[in-house]
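Raw coords23.cif, mmCIF, C-alpha atoms:
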data_data
#
loop_
_atom_site.label_atom_id
_atom_site.label_comp_id
_atom_site.auth_asym_id
_atom_site.auth_seq_id
_atom_site.Cartn_x
_atom_site.Cartn_y
_atom_site.Cartn_z
CA MET X 1044 142.12 56.97 59.10
CA LYS X 1045 141.99 57.06 62.91
CA ARG X 1046 141.85 60.87 62.80
CA CYS X 1047 138.94 60.64 60.33
CA VAL X 1048 136.99 58.31 62.63
CA LEU X 1049 137.55 60.60 65.62
CA ALA X 1050 136.38 63.58 63.61
CA ILE X 1051 133.21 61.74 62.58
CA LEU X 1052 132.53 60.70 66.17
CA GLY X 1053 133.02 64.28 67.30
CA TYR X 1054 130.53 65.45 64.69
CA VAL X 1055 127.98 62.87 65.87
CA VAL X 1056 128.28 64.08 69.46
CA ILE X 1057 127.96 67.75 68.46
CA PHE X 1058 124.98 66.97 66.25
CA ALA X 1059 123.30 64.89 68.94
CA ALA X 1060 123.63 67.66 71.48
CA THR X 1061 121.43 69.90 69.35
CA LEU X 1062 118.51 67.47 69.23
CA PRO X 1063 115.24 68.59 70.85
CA ALA X 1064 114.23 67.31 74.25
CA ILE X 1065 112.44 63.99 74.61
CA ASP X 1066 108.89 64.19 73.29
CA ASN X 1067 107.98 60.64 72.30
CA GLY X 1068 104.68 60.20 74.11
CA LEU X 1069 106.13 57.86 76.74
CA ALA X 1070 105.43 57.90 80.49
CA ARG X 1071 102.37 60.12 80.21
CA THR X 1072 101.49 58.61 83.58
CA PRO X 1073 104.09 57.40 86.10
CA PRO X 1074 105.73 54.14 84.93
CA MET X 1075 104.64 50.94 86.66
CA GLY X 1076 106.60 47.72 86.79
CA TRP X 1077 109.09 45.59 88.72
CA ASN X 1078 112.84 45.90 89.26
CA SER X 1079 115.16 43.03 90.15
CA TRP X 1080 117.49 44.73 92.66
CA ASN X 1081 115.61 44.51 95.97
CA LYS X 1082 114.98 40.78 95.59
CA PHE X 1083 117.93 39.44 93.59
CA ALA X 1084 120.69 42.11 93.64
CA CYS X 1085 123.62 40.61 91.70
CA ASP X 1086 122.12 37.09 91.67
CA VAL X 1087 119.71 38.07 88.93
CA SER X 1088 119.28 35.57 86.09
CA GLU X 1089 117.14 35.02 83.03
CA ASP X 1090 115.27 32.19 84.78
CA ALA X 1091 114.42 34.46 87.70
CA VAL X 1092 113.23 37.25 85.42
CA ARG X 1093 111.13 34.86 83.35
CA GLY X 1094 109.55 33.56 86.54
CA VAL X 1095 108.67 37.05 87.74
CA ALA X 1096 107.18 38.06 84.39
CA ALA X 1097 105.02 34.94 84.23
CA ALA X 1098 103.88 35.44 87.84
CA MET X 1099 102.87 39.05 87.14
CA VAL X 1100 100.61 37.85 84.34
CA LYS X 1101 99.13 35.05 86.45
CA ASN X 1102 98.53 37.08 89.61
CA GLY X 1103 96.91 40.08 87.91
CA MET X 1104 99.71 42.63 88.30
CA ARG X 1105 99.96 43.10 84.56
CA GLU X 1106 96.22 43.68 84.40
CA ALA X 1107 96.52 46.17 87.27
CA GLY X 1108 98.91 48.26 85.17
CA TYR X 1109 102.43 46.98 85.88
CA GLN X 1110 104.17 47.02 82.50
CA TYR X 1111 107.94 47.09 82.83
CA ILE X 1112 110.19 44.20 83.86
CA VAL X 1113 113.52 45.92 84.61
CA ILE X 1114 116.82 44.13 85.20
CA ASP X 1115 118.99 46.21 87.48
CA ASP X 1116 122.78 46.02 87.95
CA CYS X 1117 125.01 42.97 87.30
CA TRP X 1118 123.47 41.61 84.11
CA GLN X 1119 126.50 42.85 82.14
CA ILE X 1120 130.00 41.42 82.53
CA SER X 1121 132.38 42.75 79.84
CA ARG X 1122 132.79 44.23 76.36
CA ASP X 1123 133.92 42.35 73.28
CA ALA X 1124 136.77 43.41 70.99
CA GLU X 1125 134.47 45.88 69.21
CA GLY X 1126 133.29 47.41 72.48
CA ASN X 1127 129.84 45.81 72.46
CA ILE X 1128 128.40 45.25 75.92
CA GLN X 1129 128.10 41.57 76.85
CA ALA X 1130 125.64 39.89 79.19
CA ASP X 1131 126.92 37.48 81.84
CA PRO X 1132 126.75 34.13 79.98
CA LYS X 1133 126.36 32.16 83.22
CA HIS X 1134 123.24 34.03 84.31
CA PHE X 1135 121.88 34.96 80.86
CA PRO X 1136 122.90 32.10 78.55
CA SER X 1137 120.15 32.86 76.04
CA GLY X 1138 121.13 36.52 75.77
CA ILE X 1139 119.24 39.70 76.56
CA LYS X 1140 117.32 39.89 73.28
CA ALA X 1141 115.75 36.47 73.85
CA LEU X 1142 114.69 37.54 77.33
CA ALA X 1143 113.23 40.79 76.03
CA ASP X 1144 111.35 38.84 73.36
CA TYR X 1145 109.87 36.59 76.04
CA VAL X 1146 108.73 39.54 78.15
CA HIS X 1147 107.18 41.15 75.06
CA SER X 1148 105.38 37.88 74.25
CA LEU X 1149 103.56 38.23 77.57
CA GLY X 1150 102.30 41.67 76.64
CA MET X 1151 104.77 43.45 78.91
CA LYS X 1152 107.78 45.72 78.37
CA PHE X 1153 111.45 45.19 79.09
CA GLY X 1154 114.01 47.36 80.88
CA LEU X 1155 117.75 47.36 81.60
CA TYR X 1156 120.21 49.19 83.83
CA SER X 1157 123.44 50.99 83.02
CA ASP X 1158 125.58 53.76 84.48
CA ALA X 1159 126.86 57.12 83.25
CA GLY X 1160 130.35 56.34 84.56
CA THR X 1161 133.08 53.89 83.65
CA LYS X 1162 131.66 51.26 86.00
CA THR X 1163 128.24 50.53 87.46
CA CYS X 1164 127.63 50.68 91.20
CA GLY X 1165 128.20 46.90 91.21
CA GLY X 1166 131.53 47.22 89.44
CA ARG X 1167 130.36 46.09 85.99
CA PRO X 1168 131.11 48.00 82.75
CA GLY X 1169 129.40 51.39 82.59
CA SER X 1170 128.44 53.35 79.48
CA ARG X 1171 130.93 56.22 79.63
CA GLY X 1172 132.49 56.52 76.18
CA TYR X 1173 130.07 53.94 74.74
CA GLU X 1174 126.79 55.85 75.01
CA PHE X 1175 125.82 55.71 71.32
CA GLN X 1176 127.01 52.14 70.90
CA ASP X 1177 125.12 50.96 73.96
CA ALA X 1178 121.96 52.81 72.94
CA ARG X 1179 122.02 51.10 69.53
CA THR X 1180 122.50 47.75 71.25
CA TYR X 1181 119.58 48.35 73.61
CA ALA X 1182 117.34 49.33 70.71
CA ARG X 1183 118.36 46.21 68.78
CA TRP X 1184 117.61 44.04 71.79
CA GLY X 1185 114.15 45.55 72.23
CA VAL X 1186 114.73 47.51 75.43
CA ASP X 1187 111.81 49.77 76.43
CA TYR X 1188 113.18 51.32 79.65
CA LEU X 1189 116.68 52.36 80.76
CA LYS X 1190 117.63 53.05 84.38
CA TYR X 1191 120.85 55.08 84.31
CA ASP X 1192 122.92 55.26 87.50
CA TRP X 1193 125.69 57.62 88.71
CA CYS X 1194 128.68 55.65 90.00
CA SER X 1195 132.36 55.95 88.91
CA THR X 1196 131.69 59.37 87.38
CA ASP X 1197 134.82 61.30 88.41
CA GLY X 1198 135.21 64.45 86.33
CA GLN X 1199 131.71 64.22 84.85
CA THR X 1200 128.77 66.58 85.27
CA THR X 1201 125.27 65.19 85.61
CA GLN X 1202 123.41 67.32 83.10
CA GLU X 1203 125.96 66.79 80.32
CA SER X 1204 126.29 63.05 80.95
CA TYR X 1205 122.56 62.38 81.08
CA THR X 1206 121.87 64.61 78.08
CA LEU X 1207 124.47 62.67 76.09
CA MET X 1208 122.67 59.38 76.78
CA ARG X 1209 119.31 61.00 76.06
CA ASP X 1210 120.61 61.98 72.62
CA ALA X 1211 122.07 58.53 72.07
CA LEU X 1212 118.71 56.93 72.84
CA GLN X 1213 116.95 59.30 70.44
CA LEU X 1214 119.36 58.46 67.63
CA ALA X 1215 118.97 54.72 68.29
CA GLY X 1216 115.47 54.93 66.85
CA ARG X 1217 113.45 53.11 69.52
CA PRO X 1218 111.21 54.81 72.13
CA ILE X 1219 112.84 54.07 75.48
CA VAL X 1220 111.72 55.43 78.85
CA PHE X 1221 114.77 57.12 80.39
CA SER X 1222 115.09 56.91 84.19
CA LEU X 1223 117.80 59.11 85.74
CA CYS X 1224 119.28 57.91 89.03
CA GLU X 1225 121.68 60.41 90.62
CA TRP X 1226 119.83 60.60 93.96
CA GLY X 1227 118.76 64.24 93.62
CA ASN X 1228 122.28 65.56 94.18
CA SER X 1229 122.19 68.10 91.35
CA LYS X 1230 118.51 69.01 91.78
CA PRO X 1231 117.52 67.20 88.58
CA TRP X 1232 113.94 68.43 88.82
CA THR X 1233 115.30 71.82 87.67
CA TRP X 1234 116.81 70.47 84.42
CA ALA X 1235 115.82 66.83 83.86
CA PRO X 1236 112.32 67.38 82.39
CA ALA X 1237 114.11 68.15 79.10
CA VAL X 1238 116.31 65.06 79.44
CA GLY X 1239 114.46 62.09 80.93
CA HIS X 1240 111.03 60.79 81.83
CA LEU X 1241 111.75 60.38 85.55
CA TRP X 1242 114.55 61.29 87.92
CA ARG X 1243 115.46 60.19 91.41
CA THR X 1244 114.86 62.93 93.96
CA THR X 1245 116.22 61.20 97.05
CA THR X 1246 118.73 58.86 98.57
CA ASP X 1247 118.01 55.12 98.28
CA ILE X 1248 114.93 53.85 100.08
CA LYS X 1249 115.22 51.26 102.85
CA ASP X 1250 112.58 48.82 104.09
CA VAL X 1251 111.87 50.71 107.33
CA TRP X 1252 109.23 53.23 108.37
CA GLU X 1253 111.36 56.32 108.99
CA GLY X 1254 114.77 57.72 109.75
CA LYS X 1255 118.06 58.04 107.90
CA MET X 1256 120.08 54.86 107.89
CA THR X 1257 123.80 54.40 108.26
CA GLY X 1258 125.32 54.67 104.81
CA ASN X 1259 123.13 55.50 101.87
CA GLY X 1260 119.44 55.14 102.57
CA ALA X 1261 116.37 56.31 104.47
CA GLY X 1262 112.98 55.06 105.58
CA VAL X 1263 109.68 55.53 103.78
CA VAL X 1264 108.31 58.65 105.47
CA THR X 1265 111.77 60.24 105.51
CA ILE X 1266 111.99 59.68 101.75
CA ALA X 1267 108.51 61.15 101.31
CA ASP X 1268 109.57 64.24 103.25
CA MET X 1269 112.50 64.69 100.83
CA GLN X 1270 110.14 64.81 97.83
CA VAL X 1271 107.08 66.52 99.23
CA ASP X 1272 107.99 70.06 98.11
CA LEU X 1273 108.69 69.14 94.46
CA ALA X 1274 105.13 68.73 93.20
CA ASP X 1275 105.30 71.62 90.73
CA PHE X 1276 108.12 69.93 88.78
CA ALA X 1277 106.15 66.78 87.91
CA GLY X 1278 103.68 66.19 85.11
CA PRO X 1279 102.85 63.96 82.13
CA GLY X 1280 106.10 62.61 80.67
CA HIS X 1281 108.32 63.86 83.54
CA TRP X 1282 108.09 62.55 87.09
CA ASN X 1283 109.76 62.90 90.47
CA ASP X 1284 111.01 59.48 91.57
CA PRO X 1285 111.39 58.75 95.32
CA ASP X 1286 112.81 55.27 94.53
CA MET X 1287 111.32 51.81 94.20
CA LEU X 1288 108.60 50.32 96.36
CA GLU X 1289 109.59 48.24 99.38
CA VAL X 1290 106.08 46.81 99.76
CA GLY X 1291 106.31 43.14 100.76
CA ASN X 1292 110.02 42.94 101.56
CA GLY X 1293 109.46 42.16 105.25
CA GLY X 1294 110.81 45.15 107.13
CA MET X 1295 107.48 46.86 107.87
CA SER X 1296 103.95 45.96 108.89
CA ASN X 1297 101.16 45.59 106.37
CA THR X 1298 99.66 48.83 107.73
CA GLU X 1299 102.94 50.61 106.97
CA TYR X 1300 103.16 49.03 103.52
CA ARG X 1301 99.65 50.26 102.75
CA SER X 1302 100.74 53.76 103.82
CA HIS X 1303 103.92 53.51 101.74
CA PHE X 1304 101.93 52.56 98.64
CA SER X 1305 99.37 55.30 99.28
CA LEU X 1306 102.06 57.95 99.69
CA TRP X 1307 103.68 56.99 96.37
CA CYS X 1308 100.29 57.11 94.64
CA ILE X 1309 99.26 60.51 96.04
CA MET X 1310 102.71 61.84 95.01
CA ALA X 1311 102.29 60.54 91.44
CA ALA X 1312 105.47 58.50 91.86
CA PRO X 1313 106.57 55.65 89.60
CA LEU X 1314 105.28 52.36 90.99
CA ILE X 1315 108.21 49.98 90.59
CA ALA X 1316 107.73 46.92 92.80
CA GLY X 1317 110.81 45.17 94.16
CA ASN X 1318 109.48 42.26 96.18
CA ASP X 1319 109.33 38.51 95.59
CA ILE X 1320 106.41 38.49 93.18
CA ALA X 1321 106.07 34.71 92.97
CA ALA X 1322 105.89 34.18 96.75
CA MET X 1323 104.11 37.26 98.09
CA LYS X 1324 101.34 36.91 100.64
CA PRO X 1325 97.73 37.71 99.67
CA GLU X 1326 97.75 40.87 101.81
CA ILE X 1327 100.75 42.21 99.88
CA HIS X 1328 99.14 41.29 96.56
CA ASP X 1329 96.01 43.19 97.61
CA ILE X 1330 98.06 46.31 98.38
CA LEU X 1331 99.99 46.26 95.11
CA THR X 1332 96.91 45.59 92.98
CA ASN X 1333 94.39 47.98 94.58
CA LYS X 1334 93.08 49.45 91.35
CA GLU X 1335 91.30 52.37 93.04
CA VAL X 1336 94.52 53.58 94.67
CA ILE X 1337 96.55 52.89 91.51
CA ALA X 1338 94.04 55.03 89.59
CA ILE X 1339 95.07 58.02 91.72
CA ASP X 1340 98.71 57.53 90.75
CA GLN X 1341 97.79 57.02 87.10
CA ASP X 1342 95.28 59.87 86.86
CA ALA X 1343 95.47 61.51 83.43
CA LEU X 1344 95.72 65.05 84.79
CA GLY X 1345 99.23 64.17 85.95
CA LYS X 1346 99.36 66.30 89.09
CA GLN X 1347 101.56 65.35 92.04
CA GLY X 1348 99.69 65.67 95.31
CA LYS X 1349 100.70 68.43 97.71
CA ARG X 1350 100.95 68.21 101.48
CA ILE X 1351 98.75 70.87 103.08
CA ARG X 1352 99.25 69.84 106.71
CA HIS X 1353 102.30 68.55 108.57
CA GLU X 1354 101.86 68.89 112.33
CA ASN X 1355 101.12 66.84 115.45
CA ASN X 1356 102.13 63.65 113.59
CA GLN X 1357 99.36 64.34 111.07
CA ASP X 1358 99.90 64.77 107.35
CA VAL X 1359 97.16 65.70 104.87
CA PHE X 1360 97.80 65.49 101.12
CA VAL X 1361 95.50 66.62 98.31
CA LYS X 1362 95.82 65.68 94.63
CA PRO X 1363 93.65 67.21 91.87
CA LEU X 1364 92.10 64.67 89.52
CA ALA X 1365 90.89 64.75 85.95
CA GLY X 1366 87.18 65.53 85.91
CA GLY X 1367 87.27 68.00 88.76
CA GLY X 1368 87.59 65.83 91.84
CA VAL X 1369 90.43 65.42 94.32
CA ALA X 1370 92.12 62.57 96.16
CA VAL X 1371 92.92 63.15 99.83
CA LEU X 1372 95.37 61.17 101.95
CA LEU X 1373 95.32 61.28 105.77
CA LEU X 1374 98.54 59.91 107.29
CA ASN X 1375 99.04 59.26 111.02
CA ARG X 1376 102.78 59.30 111.73
CA GLY X 1377 102.24 58.88 115.49
CA ALA X 1378 102.44 55.88 117.81
CA ALA X 1379 98.71 55.81 118.65
CA GLU X 1380 95.46 56.05 116.71
CA GLN X 1381 94.17 59.59 116.25
CA THR X 1382 91.35 61.33 114.43
CA ILE X 1383 92.31 63.50 111.48
CA SER X 1384 89.93 66.10 110.04
CA PHE X 1385 89.93 68.66 107.27
CA THR X 1386 87.54 71.17 105.74
CA TRP X 1387 86.83 71.91 102.11
CA GLU X 1388 88.41 75.35 102.55
CA GLN X 1389 91.65 73.75 103.72
CA LEU X 1390 91.69 71.71 100.50
CA GLY X 1391 91.10 74.82 98.39
CA LEU X 1392 87.58 73.72 97.47
CA GLY X 1393 84.46 75.83 97.57
CA ALA X 1394 83.18 75.99 101.15
CA GLY X 1395 79.54 75.53 100.19
CA LYS X 1396 79.97 72.64 97.79
CA GLY X 1397 78.90 69.06 98.31
CA PHE X 1398 81.06 66.14 97.14
CA ASN X 1399 80.55 62.42 96.76
CA GLY X 1400 83.12 60.63 98.91
CA ARG X 1401 84.66 57.20 98.47
CA ASP X 1402 87.08 55.29 100.71
CA LEU X 1403 89.68 53.69 98.41
CA TRP X 1404 90.99 51.07 100.84
CA GLU X 1405 87.60 50.05 102.21
CA HIS X 1406 86.13 50.22 98.67
CA LYS X 1407 83.09 51.96 100.14
CA ASP X 1408 80.99 54.91 99.05
CA LEU X 1409 80.71 57.56 101.76
CA GLY X 1410 77.69 59.36 100.29
CA LYS X 1411 77.41 63.10 99.80
CA LEU X 1412 79.75 65.02 102.09
CA ALA X 1413 79.50 68.71 102.94
CA LYS X 1414 82.02 71.16 104.37
CA GLN X 1415 84.40 68.70 106.08
CA PHE X 1416 85.56 65.13 106.63
CA SER X 1417 86.88 63.39 109.74
CA SER X 1418 88.14 59.85 110.35
CA PRO X 1419 90.11 57.82 112.88
CA VAL X 1420 93.48 56.75 111.45
CA ALA X 1421 95.58 53.90 112.85
CA SER X 1422 99.15 54.44 114.01
CA HIS X 1423 101.37 54.61 110.90
CA GLY X 1424 98.22 54.12 108.88
CA VAL X 1425 96.31 56.05 106.24
CA VAL X 1426 92.80 56.83 105.13
CA MET X 1427 92.57 57.62 101.42
CA ILE X 1428 89.42 59.03 99.85
CA THR X 1429 88.24 60.75 96.71
CA LEU X 1430 85.87 63.71 96.65
CA LYS X 1431 84.06 64.13 93.35
CA PRO X 1432 81.39 66.65 92.29
#
Target format structure tokens, applied to this file:
Amino acid sequence: MKRCVLAILGYVVIFAATLPAIDNGLARTPPMGWNSWNKFACDVSEDAVRGVAAAMVKNGMREAGYQYIVIDDCWQISRDAEGNIQADPKHFPSGIKALADYVHSLGMKFGLYSDAGTKTCGGRPGSRGYEFQDARTYARWGVDYLKYDWCSTDGQTTQESYTLMRDALQLAGRPIVFSLCEWGNSKPWTWAPAVGHLWRTTTDIKDVWEGKMTGNGAGVVTIADMQVDLADFAGPGHWNDPDMLEVGNGGMSNTEYRSHFSLWCIMAAPLIAGNDIAAMKPEIHDILTNKEVIAIDQDALGKQGKRIRHENNQDVFVKPLAGGGVAVLLLNRGAAEQTISFTWEQLGLGAGKGFNGRDLWEHKDLGKLAKQFSSPVASHGVVMITLKP
């Protein structure tokens, strides 16, 4: 009998491996939401998650486009005698399904975290050997988003492990956004578009402006530099992911947070907030809910912006938009204010054309512009505009 069961399981795995790549209409624009790790780490609980979800409805984040409430590591604690994954009963006494139902009742979507290895990065049970069982459980609970990490994976290969979970999610019968998190080690942008909806391209982000940190992590502009050359690999349904937002976590100035948010939007990155939603200051709320800047990230054309200048502490990014316009980001990486300029030719636009300009942080029309644009930019600050025919 045991041999029979093993044979059947082997058949399921072989069959699953032949399924077509994900094509379920999800993540046609970069996912937006909130993840528990930066604020709660392993102290996450159902009460905390309920509070965040309710606050996002009340403060307008849901209306601004943030959909997914994602519980990161440490929600799980063990497996039962049948191998079913179990939530920590102390922190999630009502169970995961009840929490997912609550999030859905608010008009939002629900996400969970797991790991391709035997254990998660926090030492909890991973999904290795339980991929199909866990996927069925997630579907039954009403999970809409899965973040899948890469700890305790000795002897495994990334593409095979992530493809196995992709197939398990497909067979589970519920559309689930699949977020791969192996820090860009295997160049997932070269193979992951056929496997997941987004994939980490970089080391973990830290709440500082720049520089590599001791251990695993780097500052905002350092992370952006790691992703900047990958624009051609992104598009509707498959996105480069430079990690979660640090906006509002206290390690940078509001000017730097505005630049951080702008960089993620011009790069068509997922916008996954990680701050204390219920207690954030009005200035942080205004950054995270700037609908004009969010619209650049969520533009239907699905192009990641490209950096066309990187010199003298000046960066210039340009992102094509649906309808024929472009978004342009001017970033001053230096220690003092400086003026940054560009011409239409440098953007790849017709030299003789006129465009209607708009400043997305000042919420101000700039009138008809011809040939070039120039603006002072604060230290570590940005100017972000659109140019439309």
Against segment 1315-1335 of chain X, which residues of segment 1105-1191 of chain X fall within 10 Å? For each one I want the closest pair of atoms and the distance in Å (one decimal), counting only C-alpha atoms, rows by chain and increasing residue number, as JSON lines.
{"residue": "X:Arg1105", "atom": "CA", "partner": "X:Thr1332", "partner_atom": "CA", "distance": 9.3}
{"residue": "X:Glu1106", "atom": "CA", "partner": "X:Thr1332", "partner_atom": "CA", "distance": 8.8}
{"residue": "X:Ala1107", "atom": "CA", "partner": "X:Thr1332", "partner_atom": "CA", "distance": 5.8}
{"residue": "X:Gly1108", "atom": "CA", "partner": "X:Thr1332", "partner_atom": "CA", "distance": 8.5}
{"residue": "X:Tyr1109", "atom": "CA", "partner": "X:Ile1315", "partner_atom": "CA", "distance": 8.0}
{"residue": "X:Gln1110", "atom": "CA", "partner": "X:Ile1315", "partner_atom": "CA", "distance": 9.5}
{"residue": "X:Tyr1111", "atom": "CA", "partner": "X:Ile1315", "partner_atom": "CA", "distance": 8.3}
{"residue": "X:Ile1112", "atom": "CA", "partner": "X:Ile1315", "partner_atom": "CA", "distance": 9.1}
{"residue": "X:Val1113", "atom": "CA", "partner": "X:Ile1315", "partner_atom": "CA", "distance": 9.0}
Next, write the just-selected residues to a file, as a short mmCIF file (atom, residue, chain, number, x, y, z; two decimals), in the frame of the given file, keeping C-alpha atoms as the atom set.
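Once written, out35.cif looks like this:
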data_model
loop_
_atom_site.label_atom_id
_atom_site.label_comp_id
_atom_site.auth_asym_id
_atom_site.auth_seq_id
_atom_site.Cartn_x
_atom_site.Cartn_y
_atom_site.Cartn_z
CA ARG X 1105 99.96 43.10 84.56
CA GLU X 1106 96.22 43.68 84.40
CA ALA X 1107 96.52 46.17 87.27
CA GLY X 1108 98.91 48.26 85.17
CA TYR X 1109 102.43 46.98 85.88
CA GLN X 1110 104.17 47.02 82.50
CA TYR X 1111 107.94 47.09 82.83
CA ILE X 1112 110.19 44.20 83.86
CA VAL X 1113 113.52 45.92 84.61
#
One-decimal distance in Å that lies between atom CA of Gly1377 of chain X and atom CA of Gln1357 of chain X: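 Taking atom CA of Gln1357 of chain X as the start and atom CA of Gly1377 of chain X as the end point, the length is 7.6 Å.
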Explicit residue set for the PyMOL selection byres ((chain X and resi 1366-1369) around 7), as a PyMOL selection string: chain X and resi 1361-1365+1370-1371+1429-1432
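Nearest to Asp1086 of chain X of all the residues X:Asn1102, X:Thr1246, X:Ser1157, X:Gln1119 is X:Gln1119, counting all atoms listed in the file.
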Among listed residues X:Thr1163, X:Gln1199, X:Thr1265, X:Ser1148, nearest Gly1185 of chain X (using all atoms listed in the file):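 Of X:Thr1163, X:Gln1199, X:Thr1265, X:Ser1148, the one nearest Gly1185 of chain X is X:Ser1148, counting all atoms listed in the file.
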Picked residues, the PyMOL selection byres ((chain X and resi 1115) around 8), as a list of chain:residue names: X:Asn1078, X:Ser1079, X:Trp1080, X:Ala1084, X:Val1113, X:Ile1114, X:Asp1116, X:Cys1117, X:Trp1118, X:Leu1155, X:Tyr1156, X:Ser1157, X:Lys1190
As a PDB file, keeping the file's coordinate frame, please: segment 1387-1398 of chain X completed to N, CA, C and O atoms.
ATOM      1  N   TRP X1387      86.706  71.653 103.545  1.00  0.00           N
ATOM      2  CA  TRP X1387      86.830  71.910 102.110  1.00  0.00           C
ATOM      3  C   TRP X1387      87.729  73.133 101.864  1.00  0.00           C
ATOM      4  O   TRP X1387      88.515  73.160 100.928  1.00  0.00           O
ATOM      5  N   GLU X1388      87.599  74.133 102.718  1.00  0.00           N
ATOM      6  CA  GLU X1388      88.410  75.350 102.550  1.00  0.00           C
ATOM      7  C   GLU X1388      89.899  75.039 102.674  1.00  0.00           C
ATOM      8  O   GLU X1388      90.720  75.594 101.942  1.00  0.00           O
ATOM      9  N   GLN X1389      90.248  74.135 103.574  1.00  0.00           N
ATOM     10  CA  GLN X1389      91.650  73.750 103.720  1.00  0.00           C
ATOM     11  C   GLN X1389      92.181  73.046 102.476  1.00  0.00           C
ATOM     12  O   GLN X1389      93.384  73.098 102.179  1.00  0.00           O
ATOM     13  N   LEU X1390      91.299  72.386 101.742  1.00  0.00           N
ATOM     14  CA  LEU X1390      91.690  71.710 100.500  1.00  0.00           C
ATOM     15  C   LEU X1390      91.702  72.662  99.305  1.00  0.00           C
ATOM     16  O   LEU X1390      92.123  72.283  98.212  1.00  0.00           O
ATOM     17  N   GLY X1391      91.206  73.884  99.501  1.00  0.00           N
ATOM     18  CA  GLY X1391      91.100  74.820  98.390  1.00  0.00           C
ATOM     19  C   GLY X1391      89.850  74.627  97.570  1.00  0.00           C
ATOM     20  O   GLY X1391      89.760  75.089  96.427  1.00  0.00           O
ATOM     21  N   LEU X1392      88.857  73.943  98.146  1.00  0.00           N
ATOM     22  CA  LEU X1392      87.580  73.720  97.470  1.00  0.00           C
ATOM     23  C   LEU X1392      86.564  74.751  97.945  1.00  0.00           C
ATOM     24  O   LEU X1392      86.730  75.377  98.986  1.00  0.00           O
ATOM     25  N   GLY X1393      85.509  74.912  97.179  1.00  0.00           N
ATOM     26  CA  GLY X1393      84.460  75.830  97.570  1.00  0.00           C
ATOM     27  C   GLY X1393      83.795  75.408  98.878  1.00  0.00           C
ATOM     28  O   GLY X1393      83.383  74.250  99.026  1.00  0.00           O
ATOM     29  N   ALA X1394      83.674  76.325  99.819  1.00  0.00           N
ATOM     30  CA  ALA X1394      83.180  75.990 101.150  1.00  0.00           C
ATOM     31  C   ALA X1394      81.745  75.460 101.137  1.00  0.00           C
ATOM     32  O   ALA X1394      81.368  74.645 101.971  1.00  0.00           O
ATOM     33  N   GLY X1395      80.932  75.928 100.186  1.00  0.00           N
ATOM     34  CA  GLY X1395      79.540  75.530 100.190  1.00  0.00           C
ATOM     35  C   GLY X1395      79.217  74.335  99.302  1.00  0.00           C
ATOM     36  O   GLY X1395      78.050  73.965  99.157  1.00  0.00           O
ATOM     37  N   LYS X1396      80.225  73.721  98.733  1.00  0.00           N
ATOM     38  CA  LYS X1396      79.970  72.640  97.790  1.00  0.00           C
ATOM     39  C   LYS X1396      79.808  71.304  98.486  1.00  0.00           C
ATOM     40  O   LYS X1396      80.398  71.050  99.531  1.00  0.00           O
ATOM     41  N   GLY X1397      79.016  70.436  97.867  1.00  0.00           N
ATOM     42  CA  GLY X1397      78.900  69.060  98.310  1.00  0.00           C
ATOM     43  C   GLY X1397      79.675  68.139  97.389  1.00  0.00           C
ATOM     44  O   GLY X1397      79.771  68.390  96.177  1.00  0.00           O
ATOM     45  N   PHE X1398      80.266  67.088  97.940  1.00  0.00           N
ATOM     46  CA  PHE X1398      81.060  66.140  97.140  1.00  0.00           C
ATOM     47  C   PHE X1398      80.679  64.717  97.511  1.00  0.00           C
ATOM     48  O   PHE X1398      80.361  64.421  98.671  1.00  0.00           O
TER      49      PHE X1398
END
